[in-house]
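Presented below is the structure to which this report refers.
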Amino acid sequence: MDSKKKRPLIVLTGPTAAGKTSLSLGLAAAVGGEIISADSMQVYRGMDIGSAKIKKEEMRGIPHHLLDILDPSEDFDIVRFQALAKEAMAGIYERGHIPILTGGTGFYIQAVTRDIDFSPSHKDGSLRESIAEKARDQEEGFLHRWLAQVDPQSAELIHENNEKRIIRALEFYYENGYPISEHNAREKEKESPYNLAYFALTVERELLYRRIDERVDKMMEEGLLEEVRSLKARGCRRGMVSMQGLGYKEMLDYLDGCYSLEEAVRVLKRDTRHFAKRQMTWFNREKDICWLKKEEFDFDEEKILGYMLDVLREKDIYR
RNA sequence: GGUGCCAUAGCCAAGUGGUAAGGCAAAGGUCUGCAACACCUCAACCCCCGGUUCAAAUCCGGGUGGCACCU
C-alpha cells in the first residue's frame, strides 16, 4: 500500500474542446509517456472528424492506444474499455513508460483509476431485453416498483424515470442474486491502486462554449457531413452505440430528413455545450483532481506543462 | 395624422374575472456494463397610471412602446 510501490498513472481530462489533445502531446514528450485515449467515440474507425480524433501526422511519434480499434457497427462499453486500457497499460509499464490516460469520458477514467470491478456475471443482454419486454405495456412506474421489491436501496437511488438504470439494476439482481447497490457500495470504498496524478484542463465557461461553437463550425468545414454520409452508406444507423456520438446522431438525423442542416448544426452545438456542462459536473465531484484553468496560466501551454511537471515531481512520478 | 391589432420570465408561449400551463435557453445536480448515454432540480408581484369589482394578467379609461393598414 506504500505509494512508492504503486505504479504511476497520469490522467488528463477536461470538458470537450478544452484542448486536451494538444497538451497531452507536450506532456507525453516531457515525461516519456504513451497516450491511452479515454474516449468512447475515438475507438471507432472512420469516425475522425466528429470525434475530434488526433491525426497520425500530429502524434509526433508518441504512441497512442485505443484509437481506431473498432468498427462502428460494434458495441463498446465501459467493461470493454477497462479491459483494453489495462492491457495497454501493462504494455506501457513493460516498456518502462508512463501511461497517460487522456479523454473526456469521466466514467471510463474512473473505471481505470479506481479499478472498478465489473466482474459479476453478465450475459448477453437478453435478460435486459426480457425485462424491458415485461414492462412494455405495464403502467408508468412498473419497473421502479419492481426494483423496489428486490433492491429497495437502488430503487431509492435511481429516479423512477431513469429506465435505463432501473433495468440495469434489475438485470444485475437477477444475474447475480444480490443487489447492485450492495456491489456499488463495496466498490466505492476502494482507493486507487495507482500513484495517480489526475489533471483536468478547463477554460472559463463562456470561452469554452465559444470554442465549442467554433469547433463544430470547423468540423462542418472539414467534412463532417461527408464523413457521416459515408458511414451511413456503410450501414451505420441511429441505434448503434457509435452513432450516439455527438455530431453523428445530428448529421444522421439531417440525412434522414428530420430537420435542416442549419438546425442540425444548431442542435449539435447546443448538445455539445450540454455535454461539456455534464462533464464539468462529473469532474467537480472527483476527488484529488488537479484543475488546470487555462486563464490562470495566461493560456500558455508551456506554463501549464511546467506546473504539471511540478505536480508530477511531488508525486514522484517524474524527476 | 387616422384606424386596427398586440404588450405575460433571456426567448417562444397558454391563460380572457378567482389568485400565473408548457417548451427552449441559462444554471445546478445524479451517475459503477449503451456514459458524447440516460435521468433529476429550477424561474414571473403578467408594460405604466387610474377606475369597476369581495376579487383583474384577464373588464373600462388614459399613457407608453411595437406591428399592420389607410390618408
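Identifiers in the C-alpha cells: chain A, B, ... in order shown; residue index from 1 per chain; ligand index from 1 in order shown.
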Next on the checklist: At a cut-off of 10 Å, using only C-alpha atoms (C1' of nucleotides), what residues contact stretch 46-53 of chain B? Leave out same-chain residues fewer than 6 positions from it and give the result as a list in words.
Outcome noted: A7, U8, A9, G17, A20, C59, C60, G61, G62, G63, U64 and G65 of chain B
Next on the checklist: Which of stretch 105-298 of chain A end up as helix (DSSP H, G or I) when DSSP is run on this backbone - answer as a PyMOL selection string?
Outcome noted: chain A and resi 106-113+126-135+142-150+152-157+163-176+180-189+205-222+224-233+242-244+248-255+261-285+294-297
Expected answer as a compact mmCIF listing (two decimals) with C-alpha atoms, in the first residue's frame: chain A residues within 8 Å of chain B, only C-alpha atoms (C1' of nucleotides):
# COMPACT_ATOMS: atom_id res chain seq x y z
CA SER A 40 -15.99 6.39 -26.12
CA MET A 41 -16.09 7.51 -29.74
CA ASP A 75 -20.80 -2.25 -29.43
CA PHE A 76 -18.49 -0.63 -26.97
CA ASP A 77 -18.94 -0.24 -23.27
CA ILE A 78 -17.05 0.54 -20.15
CA VAL A 79 -16.07 -3.02 -19.38
CA THR A 105 -15.30 10.22 -20.68
CA PHE A 107 -16.87 7.24 -16.22
CA ALA A 111 -13.21 2.61 -14.14
CA ILE A 116 -13.88 -0.77 -10.51
CA PHE A 118 -17.36 -5.19 -13.18
CA HIS A 122 -23.09 -10.51 -17.22
CA HIS A 159 -35.15 8.01 -10.24
CA ASN A 161 -37.96 7.85 -14.89
CA ASN A 162 -34.47 6.58 -15.44
CA GLU A 163 -35.50 3.38 -17.12
CA LYS A 164 -32.08 2.56 -18.43
CA ARG A 165 -30.53 2.44 -14.95
CA ASN A 184 -21.60 -0.50 -5.74
CA GLU A 187 -16.65 -0.75 -4.91
CA VAL A 241 -23.62 2.76 -29.96
CA GLN A 244 -24.98 8.03 -30.43
CA GLY A 245 -21.91 10.21 -30.62
CA LEU A 246 -22.29 13.95 -30.88
CA THR A 272 -22.13 19.67 -27.15
CA PHE A 275 -22.27 17.67 -22.70
CA THR A 281 -20.29 18.30 -13.07
